[in-house]
Every structure is written in structure tokens, then in C-alpha cells.
Amino acid sequence: MTPDAGPLRIGVLLPTREQAINGSFAAAPLLDFARSAEALGFDSLWAGDSLTARPRLDPLVVLSAAAAATERITVGTAALTPALRHPLIGANMAASLSHVAAGRLVLGLGSGFPMPETQEEFASVGASFEGRVGRLDEISDLWRTAWRSGDEPTGYEGRFWQAQGLQRLPAPATAGGPPLWLAGSDTPRVLARVATRYDGWLPFLPDAEAYGRARQRIAELAEEAGRGAGAVTPALYATITVNPSRSAAKTELEHYISHYYGRSLDQMRAIQAYAWGSAEECAAWLGEYVRAGARHLVVRIGSLDPEPQLKEIAEVLLPAVRAIGQSTTVRSAQS
């Protein structure tokens, strides 16, 4: 089964974490980056989320400023951890951002990266790390309930969250609220949740063939659930470091990963998607995911000084990957 794939879109991550590692929290460079990304032809602009595990500026605040500084580019979270905020505060902030962005908002949501630092982060705000998957699903349900409530008195009664008066919260800019994507892996449970509950899938799988199998399974499950095979946007979160010298690119990426996660590239590439080398090499690598069905690529530049690579990625990688998207029939898992 191959659903209607739709147009290929390519976005880039704002360097909020990279900036923090370098000891700066200035907003102006981030807004300059956002304007440059839009001018260079990227389709979307993304920001990550963390308080103490991998500190950075708040993504909803940064994306609000970026949305106000741009005109057409989609803004999104990759990924937001809703458990770090009370659900009603999160619903209000997301709805507010959707108005600033004039409907150009996508919310990639994560339940929390499985690392000790993330568990400590949850504890620091009084959030339970156990049961975080179910809590995320409930928060997304609560948000949608609030955003679709209209004027009728509306409450939510879940296992973890209960609330009344949700109709009093501000409605988002778009009916029903922004799309909610799940940042998750390719386990059967994750794929079932994506297919039945979410509008998009944002994994960082290191294997394009595994991605293709999972993408097809989501389409099958979504159709079985009555949503249609194309109900879920298949996206990808991928990190690339561009340099004509492959060895220099790898050295820079290793330096980046050690500072970002405190772990080695070998450790992280076992669970996340990484590529390094020339722009053409990185484009060919991303092209394998496009052939496997990816339709929205979220590119993180693997450098603590990412802006110098932005122009080359835009001028060389974007057209190369888009050409693959235009000329390729999405592979089925059996091909």
C-alpha cells in the first residue's frame, strides 16, 4: 500500500541548543537564522525543547518571534515535551502561537528522551517519568478537546488529567488546532498510536529501509482505523554535517554530538539518523528516506556553528533532494 505522498517539504532546526552550548542566549541571531532560512527556500523552521537536560530557550517563545519575523515558512516544535508544562498552560501557549504564526504551526510532540538527564528534568518540575507515554496521549487528547469545544461547556476526564471549563481557553487560529505529530520510534505500539491518534510521525530512525516498513505499516493501520492511508504525514528528523572533506565533516559532527549529548557519535548513531560529507552525499542519503516515503524532512545541522552550512545546504542539497522527491515513486515494503 502506497498512500498519496503529497509534496516533499524540507525544514531546518533553529540552533537554540547550539547557541546555549556556546554560552549565548541572544534572540537576534536566531531571528536572523529564521529570516535566512525562509529567504533560502526552506519550507519549515523548527525548535527543540528542554529545561535542564539539554538547556535552551523556550521553543514556543522563540517560534513566536520567528513566526512574527517571517511570512510564509511553517514553524514547528521538534519536539515539544508537553509534560514539562501544565496541560492547560500548554494548550493556551500553543493556541497563542498558532495566532502569531497565522496558522503556520505544527507541533511535534515527544514523551521524553530515554536518558537519565531527562528523568531528572521531569522530577525537577514534578512530572512523573513513569507513565509518560500515556500522559502524552492524554495531553494531546485534552488539547484537542479544548480546541474543538466551541462555546459549549467542556470538560476532560482522563486517567492522569481532569479539567473543566476548557471552552474558556482561547481557540487556535485554525479549526481544531494545529497538527500534532508524534516524535517516536518504529515499535508496533508507537506505530499504532501514530496511526490512530496523531497527524504526523517524526522519527529519527537510522535505517531508511526500516523507515519504509514503518511508514507503510502506519498507512495500513490508519486505513484500518477509518482515517485513510494518507492521514499521517511521514516526516523524518535527521542530522547532517556538510563539508567537502568527509573526514573533516565527521570530526565536526563528533565534536557536536559530544557537546550536545555528552555521548559519542557511535553511541548516538545507533538510535538516530546521522550523515556527514559533501552536500551531494548528504542529499543522496536523505534521498533514500524520501524513496521510502518521507514527505517532510526536519534537518538539524550537526555543528555548533551551523549558519555557514545553511547556504550550501539550501543551494545544493535542497534542489537535489526535491528532485528525488519529484522523480521517485515511493517504495513499498515489498519492493
# chains A, B, ... in the order shown; residues from 1 in each chain; ligands from 1
call {"tool": "residues_around", "arguments": {"residues": "Ser50 of chain A", "least_positions_apart": "6", "cutoff": "12 Å", "atoms": "only C-alpha atoms", "output": "list in words"}}
result
Thr16, Arg17, Ala20, Arg56, Leu57, Asp58, Pro59, Leu60, Thr77, Ala78, Ala79, Leu80, Thr81, Pro82, Ala83, Leu84, Arg85, Gly110, Ser111, Gly112, Phe113, Glu117, Thr118, Gln119, Glu120, Glu121, Phe122, Ser124 and Val125 of chain A
call {"tool": "residues_around", "arguments": {"residues": "Gly302 of chain A", "least_positions_apart": "6", "cutoff": "6 Å", "atoms": "only C-alpha atoms", "output": "PDB file with N, CA, C and O atoms, in the first residue's frame"}}
result
ATOM      1  N   THR A 239      20.107  14.487  11.202  1.00  0.00           N
ATOM      2  CA  THR A 239      21.230  15.391  11.452  1.00  0.00           C
ATOM      3  C   THR A 239      22.283  15.206  10.377  1.00  0.00           C
ATOM      4  O   THR A 239      22.700  14.076  10.096  1.00  0.00           O
ATOM      5  N   ILE A 240      22.718  16.316   9.769  1.00  0.00           N
ATOM      6  CA  ILE A 240      23.760  16.257   8.749  1.00  0.00           C
ATOM      7  C   ILE A 240      24.847  17.281   9.039  1.00  0.00           C
ATOM      8  O   ILE A 240      24.574  18.357   9.578  1.00  0.00           O
ATOM      9  N   THR A 241      26.065  16.929   8.702  1.00  0.00           N
ATOM     10  CA  THR A 241      27.180  17.863   8.757  1.00  0.00           C
ATOM     11  C   THR A 241      27.809  17.908   7.377  1.00  0.00           C
ATOM     12  O   THR A 241      28.255  16.877   6.856  1.00  0.00           O
ATOM     13  N   LEU A 253      31.129  16.635  13.370  1.00  0.00           N
ATOM     14  CA  LEU A 253      29.924  16.011  13.906  1.00  0.00           C
ATOM     15  C   LEU A 253      30.209  15.334  15.242  1.00  0.00           C
ATOM     16  O   LEU A 253      29.404  15.420  16.178  1.00  0.00           O
TER      17      LEU A 253
END
call {"tool": "select_by_dssp", "arguments": {"residues": "segment 31-87 of chain A", "states": "alpha helix (DSSP H)", "output": "VMD selection string"}}
result
chain A and resid 31 to 40 59 to 69 87
call {"tool": "atom_distance", "arguments": {"atom1": "atom CA of Leu202 of chain A", "atom2": "atom CA of Ala171 of chain A"}}
result
25.4 Å
call {"tool": "residues_around", "arguments": {"residues": "Glu71 of chain A", "least_positions_apart": "6", "cutoff": "10 Å", "atoms": "only C-alpha atoms", "output": "MDAnalysis selection string"}}
result
chainID A and resid 35 38 101:102 104
call {"tool": "atom_distance", "arguments": {"atom1": "atom CA of Thr233 of chain A", "atom2": "atom CA of Tyr211 of chain A"}}
result
13.1 Å
call {"tool": "closest_residue", "arguments": {"among": "A:Arg269, A:Ile10, A:Gly226, A:Ser96", "to": "Leu205 of chain A", "atoms": "only C-alpha atoms"}}
result
A:Arg269
call {"tool": "atom_distance", "arguments": {"atom1": "atom CA of Val290 of chain A", "atom2": "atom CA of Gly325 of chain A"}}
result
6.2 Å
call {"tool": "closest_residue", "arguments": {"among": "A:Arg54, A:His86, A:Arg168, A:Arg193", "to": "Gly150 of chain A", "atoms": "only C-alpha atoms"}}
result
A:Arg168
call {"tool": "residues_around", "arguments": {"residues": "Gln162 of chain A", "least_positions_apart": "3", "cutoff": "10 Å", "atoms": "only C-alpha atoms", "output": "list in words"}}
result
Pro87, Glu138, Leu142, Gly155, Tyr156, Glu157, Gly158 and Arg159 of chain A
call {"tool": "write_last_selection", "arguments": {"atoms": "all heavy atoms", "output": "compact mmCIF listing (two decimals), in the first residue's frame"}}
result
# COMPACT_ATOMS: atom_id res chain seq x y z
N PRO A 87 -0.99 21.00 31.29
CA PRO A 87 -1.68 20.89 30.00
C PRO A 87 -2.48 22.11 29.60
O PRO A 87 -2.54 22.45 28.42
CB PRO A 87 -2.58 19.67 30.20
CG PRO A 87 -1.89 18.85 31.23
CD PRO A 87 -1.24 19.82 32.15
N GLU A 138 -2.80 11.61 26.66
CA GLU A 138 -3.89 12.31 27.32
C GLU A 138 -3.80 13.82 27.11
O GLU A 138 -4.82 14.48 26.90
CB GLU A 138 -3.91 11.99 28.82
CG GLU A 138 -4.66 10.74 29.15
CD GLU A 138 -5.18 10.72 30.57
OE1 GLU A 138 -5.17 11.76 31.27
OE2 GLU A 138 -5.64 9.65 30.98
N LEU A 142 -6.58 16.11 25.54
CA LEU A 142 -7.13 17.27 26.26
C LEU A 142 -7.03 18.52 25.40
O LEU A 142 -7.99 19.31 25.32
CB LEU A 142 -6.39 17.45 27.59
CG LEU A 142 -6.92 18.50 28.57
CD1 LEU A 142 -6.54 18.13 30.00
CD2 LEU A 142 -6.40 19.90 28.25
N GLY A 155 -15.49 19.65 29.49
CA GLY A 155 -14.52 19.17 30.46
C GLY A 155 -13.75 17.99 29.90
O GLY A 155 -14.05 17.48 28.82
N TYR A 156 -12.75 17.56 30.65
CA TYR A 156 -11.96 16.40 30.24
C TYR A 156 -11.73 15.54 31.47
O TYR A 156 -11.29 16.04 32.52
CB TYR A 156 -10.62 16.83 29.63
CG TYR A 156 -9.79 15.64 29.16
CD1 TYR A 156 -10.01 15.09 27.91
CD2 TYR A 156 -8.82 15.07 29.98
CE1 TYR A 156 -9.27 14.00 27.46
CE2 TYR A 156 -8.08 13.98 29.55
CZ TYR A 156 -8.30 13.45 28.30
OH TYR A 156 -7.59 12.36 27.88
N GLU A 157 -12.01 14.26 31.35
CA GLU A 157 -11.82 13.32 32.44
C GLU A 157 -10.95 12.17 31.95
O GLU A 157 -11.42 11.27 31.26
CB GLU A 157 -13.17 12.77 32.94
CG GLU A 157 -14.07 13.81 33.58
CD GLU A 157 -13.52 14.33 34.90
OE1 GLU A 157 -12.78 13.57 35.59
OE2 GLU A 157 -13.81 15.49 35.25
N GLY A 158 -9.68 12.22 32.28
CA GLY A 158 -8.76 11.17 31.89
C GLY A 158 -8.19 10.47 33.10
O GLY A 158 -8.52 10.78 34.25
N ARG A 159 -7.31 9.54 32.85
CA ARG A 159 -6.67 8.82 33.94
C ARG A 159 -5.72 9.73 34.71
O ARG A 159 -5.63 9.67 35.94
CB ARG A 159 -5.91 7.62 33.38
CG ARG A 159 -5.14 6.82 34.42
CD ARG A 159 -4.32 5.72 33.80
NE ARG A 159 -3.47 5.06 34.79
CZ ARG A 159 -2.50 4.21 34.48
NH1 ARG A 159 -2.26 3.91 33.20
NH2 ARG A 159 -1.78 3.65 35.43
call {"tool": "select_by_dssp", "arguments": {"residues": "segment 232-331 of chain A", "states": "strand (DSSP E or B)", "output": "number ranges by chain"}}
result
A: 233-242, 273-277, 296-301
call {"tool": "closest_residue", "arguments": {"among": "A:Ile21, A:Leu310, A:Tyr237, A:Arg72", "to": "Ser258 of chain A", "atoms": "only C-alpha atoms"}}
result
A:Ile21
